[in-house]
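As provided, work_10.cif (mmCIF, C-alpha atoms) reads as follows.
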```cif
data_upload
#
loop_
_atom_site.label_atom_id
_atom_site.label_comp_id
_atom_site.auth_asym_id
_atom_site.auth_seq_id
_atom_site.Cartn_x
_atom_site.Cartn_y
_atom_site.Cartn_z
CA MET A 118 -1.88 18.05 6.71
CA ILE A 119 -3.88 15.85 9.05
CA GLY A 120 -3.83 12.77 6.84
CA ARG A 121 -0.08 12.75 6.42
CA SER A 122 0.48 13.36 10.11
CA LEU A 123 -1.77 10.45 11.05
CA ARG A 124 -0.05 8.28 8.48
CA ARG A 125 3.26 8.92 10.26
CA VAL A 126 1.65 7.88 13.50
CA GLY A 127 0.43 4.70 11.85
CA ALA A 128 3.61 3.63 10.13
CA VAL A 129 6.14 4.80 12.66
CA VAL A 130 4.86 5.96 16.02
CA VAL A 131 2.09 3.49 16.83
CA GLY A 132 4.58 0.66 16.74
CA SER A 133 7.68 2.32 18.14
CA ALA A 134 7.81 5.46 20.23
CA ILE A 135 4.41 6.92 20.93
CA ALA A 136 4.74 6.33 24.64
CA ALA A 137 6.98 5.08 27.39
CA ALA A 138 7.62 1.44 28.22
CA CYS A 139 7.06 0.32 31.78
CA SER A 140 7.15 -2.85 33.87
CA ALA A 141 3.93 -4.79 34.28
CA THR A 142 4.23 -8.19 35.89
CA SER A 143 2.08 -10.21 38.23
CA SER A 144 2.57 -13.81 39.31
CA SER A 145 0.15 -16.59 40.15
CA ASP A 146 1.11 -19.68 42.10
CA ALA A 147 0.45 -23.23 41.00
CA GLY A 148 -1.37 -23.78 44.28
CA ASP A 149 -4.20 -21.37 43.41
CA ALA A 150 -7.76 -22.36 42.52
CA LEU A 151 -6.97 -23.58 39.01
CA PRO A 152 -4.07 -25.87 38.05
CA ALA A 153 -1.27 -24.24 36.08
CA PRO A 154 -0.87 -25.68 32.57
CA GLU A 155 2.64 -24.55 31.80
CA VAL A 156 6.18 -24.16 33.06
CA GLY A 157 8.83 -21.97 31.53
CA PRO A 158 11.17 -18.99 31.94
CA THR A 159 10.61 -16.04 34.24
CA THR A 160 11.70 -12.59 33.08
CA THR A 161 10.87 -8.90 33.41
CA ALA A 162 7.86 -7.55 31.54
CA VAL A 163 7.46 -4.52 29.30
CA ALA A 164 4.11 -2.87 28.57
CA THR A 165 3.90 -0.74 25.45
CA VAL A 166 1.55 2.19 25.96
CA LEU A 167 -0.32 3.02 22.77
CA ALA A 168 -1.57 6.58 22.39
CA THR A 169 -2.97 8.96 19.81
CA SER A 170 -2.99 12.68 20.51
CA THR A 171 -4.29 12.04 24.01
CA THR A 172 -2.32 11.64 27.22
CA ALA A 173 -0.96 8.15 27.84
CA THR A 174 -1.12 6.50 31.26
CA THR A 175 2.17 5.05 32.47
CA THR A 176 1.63 3.79 35.99
CA SER A 177 2.87 0.41 37.22
CA ALA A 178 0.78 -2.76 37.04
CA ALA A 179 -0.99 -4.56 39.83
CA THR A 180 0.95 -7.35 41.48
CA SER A 181 -1.78 -9.25 43.34
CA ALA A 182 -1.92 -13.00 42.87
CA VAL A 183 -4.56 -14.40 40.54
CA PRO A 184 -5.69 -17.92 39.69
CA SER A 185 -3.61 -19.86 37.19
CA ASP A 186 -4.80 -21.16 33.83
CA PRO A 187 -6.87 -24.30 33.63
CA ALA A 188 -4.99 -27.17 32.05
CA ASP A 189 -7.27 -27.04 29.04
CA THR A 190 -10.29 -25.07 27.86
CA PRO A 191 -12.71 -25.73 25.02
CA ASP A 192 -12.94 -24.10 21.64
CA PRO A 193 -15.40 -21.19 22.00
CA ALA A 194 -17.10 -22.23 18.76
CA THR A 195 -18.07 -25.64 20.10
CA SER A 196 -18.32 -25.43 23.89
CA SER A 197 -19.62 -23.18 26.62
CA SER A 198 -18.07 -22.96 30.06
CA PRO A 199 -15.11 -25.25 30.73
CA ASP A 200 -14.54 -27.54 33.67
CA ALA A 201 -11.86 -25.60 35.53
CA GLY A 202 -10.73 -28.71 37.36
CA SER A 203 -10.23 -30.89 34.31
CA ALA A 204 -6.75 -31.62 33.06
CA SER A 205 -5.62 -32.91 29.70
CA THR A 206 -3.42 -35.98 29.42
CA PRO A 207 -0.25 -36.40 27.35
CA ASP A 208 -2.24 -38.59 24.97
CA ASP A 209 -4.97 -36.07 24.11
CA ASP A 210 -2.83 -32.89 24.25
CA PRO A 211 0.77 -33.86 23.45
CA GLN A 212 3.52 -31.29 23.88
CA PRO A 213 5.90 -31.01 20.91
CA PRO A 214 9.65 -31.29 21.50
CA PRO A 215 11.69 -28.08 21.79
CA VAL A 216 12.67 -26.57 18.46
CA THR A 217 15.85 -24.63 17.78
CA ALA A 218 17.03 -23.32 14.43
CA ALA A 219 19.21 -20.63 12.97
CA PRO A 220 17.16 -17.82 11.42
CA THR A 221 17.40 -17.28 7.70
CA SER A 222 20.57 -15.53 6.57
CA GLY A 223 18.63 -13.82 3.79
CA VAL A 224 16.10 -11.00 3.66
CA ALA A 225 12.52 -11.88 4.63
CA VAL A 226 9.87 -9.19 4.11
CA ALA A 227 6.65 -9.18 6.15
CA TYR A 228 3.32 -7.64 5.11
CA GLY A 229 0.04 -6.95 6.86
CA GLY A 230 -3.37 -7.02 5.22
CA GLY A 231 -6.35 -9.25 4.71
CA ARG A 232 -8.58 -8.65 1.74
CA SER A 233 -7.38 -9.96 -1.61
CA ASP A 234 -8.47 -6.78 -3.41
CA SER A 235 -6.58 -4.45 -1.07
CA ILE A 236 -2.93 -3.38 -0.98
CA TRP A 237 -0.93 -4.97 1.80
CA THR A 238 1.29 -2.71 3.88
CA PRO A 239 4.96 -3.65 4.40
CA LEU A 240 5.56 -4.16 8.12
CA GLY A 241 9.33 -4.46 7.98
CA TRP A 242 11.88 -7.15 7.30
CA TRP A 243 14.49 -9.51 8.72
CA ASP A 244 17.83 -8.54 7.16
CA GLY A 245 19.65 -11.80 7.90
CA SER A 246 20.71 -10.83 11.42
CA ALA A 247 18.17 -8.37 12.86
CA TRP A 248 14.65 -6.97 12.48
CA ARG A 249 14.32 -3.78 10.45
CA GLU A 250 11.38 -1.40 10.31
CA GLN A 251 10.19 0.79 7.50
CA THR A 252 11.03 4.40 8.21
CA TYR A 253 11.33 7.88 6.70
CA THR A 254 14.17 10.21 5.85
CA ILE A 255 14.40 13.61 7.49
CA ASP A 256 12.60 15.16 4.51
CA GLY A 257 9.72 12.68 4.77
CA THR A 258 10.70 10.21 2.04
CA TRP A 259 9.51 6.68 2.81
CA ILE A 260 12.18 3.98 3.08
CA GLY A 261 10.58 0.66 2.26
CA PRO A 262 11.86 -2.92 2.37
CA PRO A 263 14.61 -4.31 0.12
CA GLU A 264 14.11 -7.15 -2.32
CA PRO A 265 13.54 -10.41 -0.44
CA THR A 266 15.96 -13.30 -0.83
CA VAL A 267 13.18 -15.87 -1.05
CA GLY A 268 10.54 -15.54 -3.74
CA SER A 269 7.89 -17.76 -2.19
CA LEU A 270 5.20 -16.15 -0.04
CA SER A 271 3.11 -17.60 2.79
CA ALA A 272 0.39 -16.10 4.98
CA THR A 273 -1.69 -16.90 8.05
CA SER A 274 -4.41 -15.40 10.24
CA LEU A 275 -6.39 -16.43 13.27
CA ASP A 276 -9.50 -15.75 11.18
CA LEU A 277 -8.85 -18.20 8.33
CA PRO A 278 -11.79 -20.52 7.60
CA ASP A 279 -9.88 -23.63 8.70
CA GLY A 280 -8.79 -22.04 11.97
CA PRO A 281 -5.75 -20.27 13.42
CA GLY A 282 -3.45 -23.17 12.50
CA GLN A 283 -4.06 -22.76 8.77
CA VAL A 284 -1.12 -21.52 6.68
CA LEU A 285 -1.52 -20.53 3.05
CA GLY A 286 1.57 -21.20 0.91
CA GLY A 287 2.54 -20.67 -2.70
CA LEU A 288 1.14 -17.14 -2.77
CA VAL A 289 2.22 -14.47 -5.23
CA ALA A 290 2.73 -10.80 -4.49
CA GLY A 291 1.40 -8.47 -7.17
CA PRO A 292 3.24 -5.36 -8.34
CA ASN A 293 3.73 -2.61 -5.77
CA GLN A 294 1.15 0.16 -5.77
CA PHE A 295 0.77 3.38 -3.85
CA PHE A 296 -1.49 3.35 -0.83
CA CYS A 297 -2.33 5.52 2.15
CA ALA A 298 -1.50 9.25 1.96
CA GLY A 299 2.08 9.45 0.71
CA ASP A 300 4.72 7.57 -1.25
CA GLU A 301 4.36 4.22 0.52
CA THR A 302 3.86 1.21 -1.72
CA GLY A 303 2.82 -2.37 -1.18
CA PRO A 304 1.62 -5.38 -3.18
CA THR A 305 -1.74 -7.01 -3.55
CA ILE A 306 -1.73 -10.58 -2.20
CA ASP A 307 -4.46 -13.00 -3.24
CA LEU A 308 -4.95 -15.47 -0.39
CA GLY A 309 -7.22 -17.69 -2.49
CA VAL A 310 -9.81 -17.55 0.32
CA GLU A 311 -11.71 -14.67 1.83
CA LEU A 312 -11.22 -13.91 5.50
CA PRO A 313 -14.61 -13.89 7.20
CA ASP A 314 -15.75 -10.79 9.02
CA THR A 315 -15.55 -11.32 12.77
CA PRO A 316 -16.27 -9.01 15.70
CA LEU A 317 -12.51 -8.37 15.86
CA SER A 318 -11.87 -7.73 12.13
CA ILE A 319 -10.39 -4.38 11.12
CA GLY A 320 -9.16 -5.09 7.57
CA TYR A 321 -5.60 -5.72 8.75
CA ASP A 322 -6.18 -9.28 9.94
CA ALA A 323 -3.38 -11.38 8.43
CA VAL A 324 0.38 -11.45 8.01
CA ALA A 325 2.36 -12.66 5.01
CA VAL A 326 6.10 -13.20 4.69
CA THR A 327 8.56 -14.24 1.99
CA ALA A 328 9.50 -17.59 3.50
CA ASP A 329 10.55 -21.12 2.60
CA TRP A 330 10.11 -22.50 6.14
CA PRO A 331 7.00 -23.53 8.13
CA LEU A 332 5.26 -20.45 9.55
CA GLN A 333 3.74 -22.45 12.40
CA PRO A 334 6.13 -25.16 13.62
CA ARG A 335 3.74 -25.84 16.53
CA PRO A 336 -0.05 -25.67 16.96
CA VAL A 337 -1.83 -22.33 17.39
CA ARG A 338 -5.22 -22.56 19.11
CA GLN A 339 -8.01 -20.16 19.99
CA ILE A 340 -9.77 -21.38 23.12
CA GLY A 341 -12.72 -20.47 25.29
CA ALA A 342 -12.72 -17.01 26.85
CA GLU A 343 -15.16 -17.93 29.63
CA VAL A 344 -12.56 -18.87 32.26
CA PRO A 345 -12.91 -16.27 35.08
CA ALA A 346 -9.15 -16.30 35.72
CA TYR A 347 -8.46 -14.59 32.39
CA ALA A 348 -10.69 -11.64 33.28
CA GLU A 349 -9.20 -11.46 36.77
CA VAL A 350 -5.70 -11.26 35.35
CA GLY A 351 -6.70 -8.55 32.88
CA ALA A 352 -8.39 -6.51 35.60
CA SER A 353 -5.37 -6.77 37.90
CA LEU A 354 -2.96 -5.64 35.18
CA MET A 355 -5.13 -2.66 34.20
CA ALA A 356 -6.17 -1.66 37.74
CA ASP A 357 -3.58 1.12 38.09
CA ARG A 358 -4.29 2.43 34.61
CA VAL A 359 -8.05 2.92 34.53
CA ASP A 360 -10.81 3.00 37.17
CA THR A 361 -13.02 0.70 35.11
CA ALA A 362 -10.49 -2.15 34.90
CA ALA A 363 -12.87 -4.62 36.56
CA GLU A 364 -15.58 -3.87 33.96
CA GLY A 365 -13.61 -5.34 31.07
CA GLU A 366 -14.26 -8.61 29.28
CA VAL A 367 -12.09 -11.21 27.62
CA VAL A 368 -12.71 -11.27 23.87
CA GLN A 369 -9.89 -13.54 22.70
CA VAL A 370 -7.62 -16.26 24.10
CA VAL A 371 -4.82 -17.86 22.07
CA ARG A 372 -2.57 -20.70 23.27
CA VAL A 373 0.72 -21.48 21.57
CA ASP A 374 4.21 -22.64 22.44
CA LEU A 375 6.00 -19.61 21.01
CA ASP A 376 9.60 -20.67 21.56
CA GLY A 377 9.40 -24.44 21.22
CA ASP A 378 10.37 -25.28 24.80
CA GLY A 379 7.37 -27.59 25.19
CA ASP A 380 5.34 -25.15 27.33
CA GLU A 381 2.46 -23.06 26.01
CA GLU A 382 2.15 -19.32 26.41
CA VAL A 383 -1.34 -17.77 26.51
CA LEU A 384 -2.27 -14.51 24.75
CA VAL A 385 -5.38 -12.74 26.05
CA SER A 386 -7.26 -9.70 24.71
CA TYR A 387 -9.07 -7.92 27.57
CA GLU A 388 -11.08 -4.76 26.94
CA ARG A 389 -13.93 -2.44 27.80
CA GLN A 390 -15.60 -0.99 24.70
CA ARG A 391 -18.76 0.98 25.55
CA ARG A 392 -18.25 3.55 22.76
CA PRO A 393 -16.07 1.74 20.22
CA GLN A 394 -16.73 4.20 17.40
CA LEU A 395 -15.72 7.41 19.18
CA GLY A 396 -14.05 6.34 22.40
CA GLY A 397 -15.22 7.31 25.85
CA ALA A 398 -14.25 7.67 29.48
CA GLY A 399 -13.43 4.29 30.96
CA ASP A 400 -12.98 2.45 27.66
CA PHE A 401 -9.71 0.60 27.18
CA THR A 402 -8.01 -2.15 25.25
CA SER A 403 -5.20 -4.49 26.31
CA VAL A 404 -3.36 -7.62 25.28
CA TYR A 405 -1.36 -9.57 27.82
CA VAL A 406 0.68 -12.77 27.74
CA ARG A 407 0.83 -15.52 30.35
CA VAL A 408 4.37 -16.92 30.52
CA PRO A 409 4.92 -20.11 32.54
CA ALA A 410 7.76 -20.37 35.04
CA ALA A 411 9.83 -23.40 35.95
CA ASP A 412 8.41 -23.46 39.51
CA GLY A 413 4.87 -23.86 38.22
CA SER A 414 3.83 -20.24 38.65
CA VAL A 415 2.70 -18.03 35.77
CA ASP A 416 3.94 -14.51 35.04
CA ASP A 417 1.37 -12.19 33.47
CA ARG A 418 2.78 -9.39 31.32
CA LEU A 419 1.03 -6.59 29.44
CA VAL A 420 2.10 -6.48 25.82
CA SER A 421 -0.03 -3.54 24.68
CA TRP A 422 -2.62 -1.26 26.27
CA TYR A 423 -4.48 1.97 25.57
CA VAL A 424 -7.04 3.99 27.53
CA SER A 425 -9.61 6.14 25.73
CA GLN A 426 -10.72 9.56 26.91
CA ASP A 427 -14.12 11.19 26.77
CA PRO A 428 -13.99 13.43 23.67
CA GLU A 429 -16.66 15.72 25.15
CA ALA A 430 -14.47 16.41 28.18
CA MET A 431 -11.38 17.33 26.15
CA GLU A 432 -10.34 20.93 25.56
CA SER A 433 -10.19 20.16 21.84
CA PRO A 434 -12.77 17.43 21.25
CA PHE A 435 -11.36 14.58 19.19
CA PRO A 436 -12.47 10.94 18.93
CA THR A 437 -10.26 8.63 20.99
CA PRO A 438 -11.27 5.04 20.15
CA GLY A 439 -8.68 2.32 20.35
CA ARG A 440 -8.65 -1.45 20.03
CA THR A 441 -5.88 -4.05 19.81
CA THR A 442 -6.28 -7.82 19.42
CA VAL A 443 -4.20 -10.71 18.10
CA ALA A 444 -4.27 -11.09 14.31
CA ALA A 445 -1.80 -13.93 13.74
CA VAL A 446 1.02 -15.98 15.20
CA ALA A 447 3.83 -17.05 12.85
CA ASP A 448 7.58 -17.61 12.54
CA LEU A 449 8.65 -14.69 10.36
CA ASN A 450 12.42 -15.30 10.20
CA GLY A 451 12.80 -19.08 10.21
CA ASP A 452 14.34 -19.53 13.67
CA GLY A 453 11.55 -21.74 14.97
CA VAL A 454 10.30 -19.06 17.38
CA MET A 455 6.93 -17.59 16.45
CA GLU A 456 6.23 -13.86 16.39
CA VAL A 457 2.90 -12.32 17.47
CA ALA A 458 1.07 -9.89 15.19
CA LEU A 459 -1.37 -7.51 16.87
CA ARG A 460 -3.97 -5.59 14.86
CA ASP A 461 -4.36 -1.98 15.96
CA LEU A 462 -7.40 0.19 15.31
CA PHE A 463 -7.46 3.84 16.35
CA TRP A 464 -9.23 6.94 15.10
CA GLU A 465 -8.45 7.14 11.37
CA TYR A 466 -5.73 4.49 11.65
CA GLY A 467 -5.52 0.75 11.17
CA GLY A 468 -2.48 -1.49 11.02
CA ILE A 469 -0.43 -4.35 12.45
CA SER A 470 2.41 -4.39 14.98
CA VAL A 471 4.73 -7.41 15.22
CA TYR A 472 6.27 -8.58 18.50
CA ALA A 473 9.21 -10.98 18.79
CA PHE A 474 9.43 -13.42 21.72
CA THR A 475 12.95 -13.22 23.16
CA ASP A 476 14.09 -14.41 26.59
CA GLY A 477 10.49 -14.69 27.73
CA ARG A 478 9.52 -11.20 26.60
CA LEU A 479 7.36 -9.97 23.73
CA GLU A 480 8.96 -6.85 22.24
CA ARG A 481 7.73 -4.85 19.28
CA VAL A 482 10.06 -5.11 16.27
CA MET A 483 8.09 -3.68 13.34
CA SER A 484 4.72 -2.26 12.32
CA GLY A 485 2.78 -0.77 9.44
CA GLY A 486 -0.62 0.54 8.51
CA CYS A 487 -2.43 3.60 7.26
CA GLY A 488 -4.22 6.66 8.58
CA VAL A 489 -6.39 8.86 6.38
#
```
Could I get this file's structure written as structure tokens?
Amino acid sequence: MIGRSLRRVGAVVVGSAIAAACSATSSSDAGDALPAPEVGPTTTAVATVLATSTTATTTSAATSAVPSDPADTPDPATSSSPDAGSASTPDDDPQPPPVTAAPTSGVAVAYGGGRSDSIWTPLGWWDGSAWREQTYTIDGTWIGPPEPTVGSLSATSLDLPDGPGQVLGGLVAGPNQFFCAGDETGPTIDLGVELPDTPLSIGYDAVAVTADWPLQPRPVRQIGAEVPAYAEVGASLMADRVDTAAEGEVVQVVRVDLDGDGDEEVLVSYERQRRPQLGGAGDFTSVYVRVPAADGSVDDRLVSWYVSQDPEAMESPFPTPGRTTVAAVADLNGDGVMEVALRDLFWEYGGISVYAFTDGRLERVMSGGCGV
């Protein structure tokens, strides 16, 4: 049954084992054209290759140097091109102190969704010591999350009316209902506000978690995507994966200090979408993270990428669209380190994958969604 097979891809494979992981790191020196805004740890990178039924590309990333981030860029809603040479001062852009905390010892369940009238999919849970993902038994029975320890529910999304730093607390999960194509169940969650439709919306645009701690212990900002350096970085990371890497555009830039060390990471969505409905030769999607190093350089690491194929050139024509962008940034287990939720849209599948930031790396820990 096609629907059930695609549902398995959505709930299990898209977030875990649909393709190989490979290194993808490039560095930029502080002495390049634009001043580096951050310093922080340097580690190895992992790129998760998303795929449907098509062949996934698994070559290594480009390693050429690229310009560093500007010290600050404007909000895309209020400004046009930024002054690449301008730098913020401690007074107008203060860095918060490092934050460390023990994660909750209880069970925290995470959900992905968006609309108040839709059923939210369980993404997985924190069991008190580790991340757990929804899965299936050998006979296909769905294994969902356990009862959460905390009854209160909070949610956030980059698309909330008051901006990416808005957190909605005091929410209530409705009774579990069946959704998708099998025995999976999830609750309705009324956010109290409607998420606006944006060019990046897919229906899975927010995360919610049973939590009694602040979901965003530090500011989360969407900033201007006009800085040429962001496109240059994206093109360099995708150069060995697709011939049209230089034809992509930056559609989203998010700055946030994920781990509370006082230095901001930058999340960038870089893509080429000429045939977004069906997929086509040369189309691709990618999300990468800029991680600052202590020496002032910046390591650029692919978090997720996917290359479409031309359905008309395939032996068995099948639509191959794919798009991944950042949906939300939030602390989902109470340790003071924020996780990154990416929204994934493929042919007949939509969902959310959650990545944890550990030792300077973003690694996928859970996911959920639905294919029809």
Could you tell me which residues the PyMOL selection byres ((chain A and resi 273-278) around 7) returns for this structure, as a short mmCIF file (atom, residue, chain, number, x, y, z; two decimals) with C-alpha atoms, keeping the file's coordinate frame?
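Writing done, so here's selection03.cif:
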```cif
data_model
loop_
_atom_site.label_atom_id
_atom_site.label_comp_id
_atom_site.auth_asym_id
_atom_site.auth_seq_id
_atom_site.Cartn_x
_atom_site.Cartn_y
_atom_site.Cartn_z
CA ALA A 272 0.39 -16.10 4.98
CA ASP A 279 -9.88 -23.63 8.70
CA GLY A 280 -8.79 -22.04 11.97
CA PRO A 281 -5.75 -20.27 13.42
CA GLN A 283 -4.06 -22.76 8.77
CA VAL A 284 -1.12 -21.52 6.68
CA LEU A 285 -1.52 -20.53 3.05
CA LEU A 312 -11.22 -13.91 5.50
CA PRO A 313 -14.61 -13.89 7.20
CA ASP A 322 -6.18 -9.28 9.94
CA ALA A 323 -3.38 -11.38 8.43
CA VAL A 324 0.38 -11.45 8.01
CA ALA A 325 2.36 -12.66 5.01
CA ALA A 444 -4.27 -11.09 14.31
CA ALA A 445 -1.80 -13.93 13.74
#
```
### Message
Which residues are close to Asp452 of chain A, i.e. within 6 Å by only C-alpha atoms, leaving aside same-chain residues fewer than 3 positions away? Reply as number ranges by chain.
### Response
A: 218-220
### Query
Taking all atoms listed in the file into account, which of A:Glu388, A:Asp357, A:Asp461, A:Glu456 comes nearest Trp248 of chain A?
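Once distances to Trp248 of chain A are computed over all atoms listed in the file, the minimum belongs to A:Glu456.
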### Message
Please expand the PyMOL selection byres ((chain A and resi 424) around 7) into the concrete residues it hits in this file, giving the result as a ChimeraX atom specification.
### Response
/A:400-402,422-423,425-426
### Query
Could you spell out the hits of the PyMOL selection byres ((chain A and resi 345-352) around 8) on the shown file, as a list in words?
Val183, Pro184, Ser185, Asp186, Ala342, Glu343, Val344, Ser353, Leu354, Met355, Ala356, Ala362, Ala363, Glu364, Gly365, Glu366, Val367, Val385, Tyr387, Ser403, Tyr405 and Asp417 of chain A
### Message
Calculated over all atoms listed in the file, which of the candidates A:Asp427, A:Asp376, A:Glu250, A:Glu382 has the smallest distance to Asp476 of chain A?
### Response
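Using all atoms listed in the file, Asp476 of chain A sits closest to A:Asp376.
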#### Entry: Contact residues around Phe295 of chain A with all atoms listed in the file at 12 Å, ignoring same-chain residues under 3 positions, as a PyMOL selection string
chain A and resi 235-239+259+261+292+298-305+487
### Between atom CA of Gly477 of chain A and atom CA of Thr327 of chain A, distance in Å (one decimal)
25.8 Å
### Message
For Val371 of chain A, find every residue with an atom within 6 Å (counting all atoms listed in the file), except residues of its own chain fewer than 6 positions away, and show them as JSON, numbers by chain.
### Response
{"A": [338, 339, 383, 384]}
#### Entry: Long-range neighbours of Asp374 of chain A as a PyMOL selection string, 9 Å cut-off, all atoms listed in the file, 3 positions minimum in chain
chain A and resi 212-213+335-337+377-383+454-455
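Here atom CA of Gly451 of chain A is placed at a distance of 12.8 Å from atom CA of Leu375 of chain A.
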### Message
Which residues are near Gly287 of chain A? Cut-off 9 Å, only C-alpha atoms, ignore same chain within fewer than 5 positions. Put them as an NGL selection string.
### Response
:A and (269-271)
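Pairwise distance (atom CA of Ile260 of chain A, atom CA of Val482 of chain A) equals 16.2 Å.
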### Query
Using only C-alpha atoms, which of the listed residues (A:Val289, A:Ile306, A:Cys297, A:Val406) sits closest to Asp234 of chain A?
A:Ile306
Edge lengths and centre in Å, axis-aligned, segment 336-346 of chain A plus 6 Å each side, as JSON:
```
{"center_x": -7.6, "center_y": -21.0, "center_z": 26.3, "size_x": 27.1, "size_y": 21.4, "size_z": 30.8}
```
#### Entry: Residue among A:Gly231, A:Asp416, A:Pro436, A:Val370 lying closest to Val404 of chain A, counting only C-alpha atoms
A:Val370
### Query
Out of A:Tyr228, A:Glu429, A:Gly413, A:Val373, which residue has the shortest atom-to-atom distance to Phe474 of chain A when counting all atoms listed in the file?
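Smallest separation from Phe474 of chain A among the options: A:Val373.
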Dump as a tab-separated table the rows for residues of segment 391-476 of chain A within 9 Å of segment 328-332 of chain A: closest atom pair and distance in Å with one decimal, only C-alpha atoms counted, ordered by chain and rising residue number.
```
residue	atom	partner	partner_atom	distance
A:Val446	CA	A:Leu332	CA	8.4
A:Ala447	CA	A:Leu332	CA	4.9
A:Asp448	CA	A:Leu332	CA	4.7
A:Leu449	CA	A:Leu332	CA	6.7
A:Asn450	CA	A:Ala328	CA	7.7
A:Gly451	CA	A:Trp330	CA	6.0
A:Gly453	CA	A:Leu332	CA	8.4
A:Met455	CA	A:Leu332	CA	7.7
```
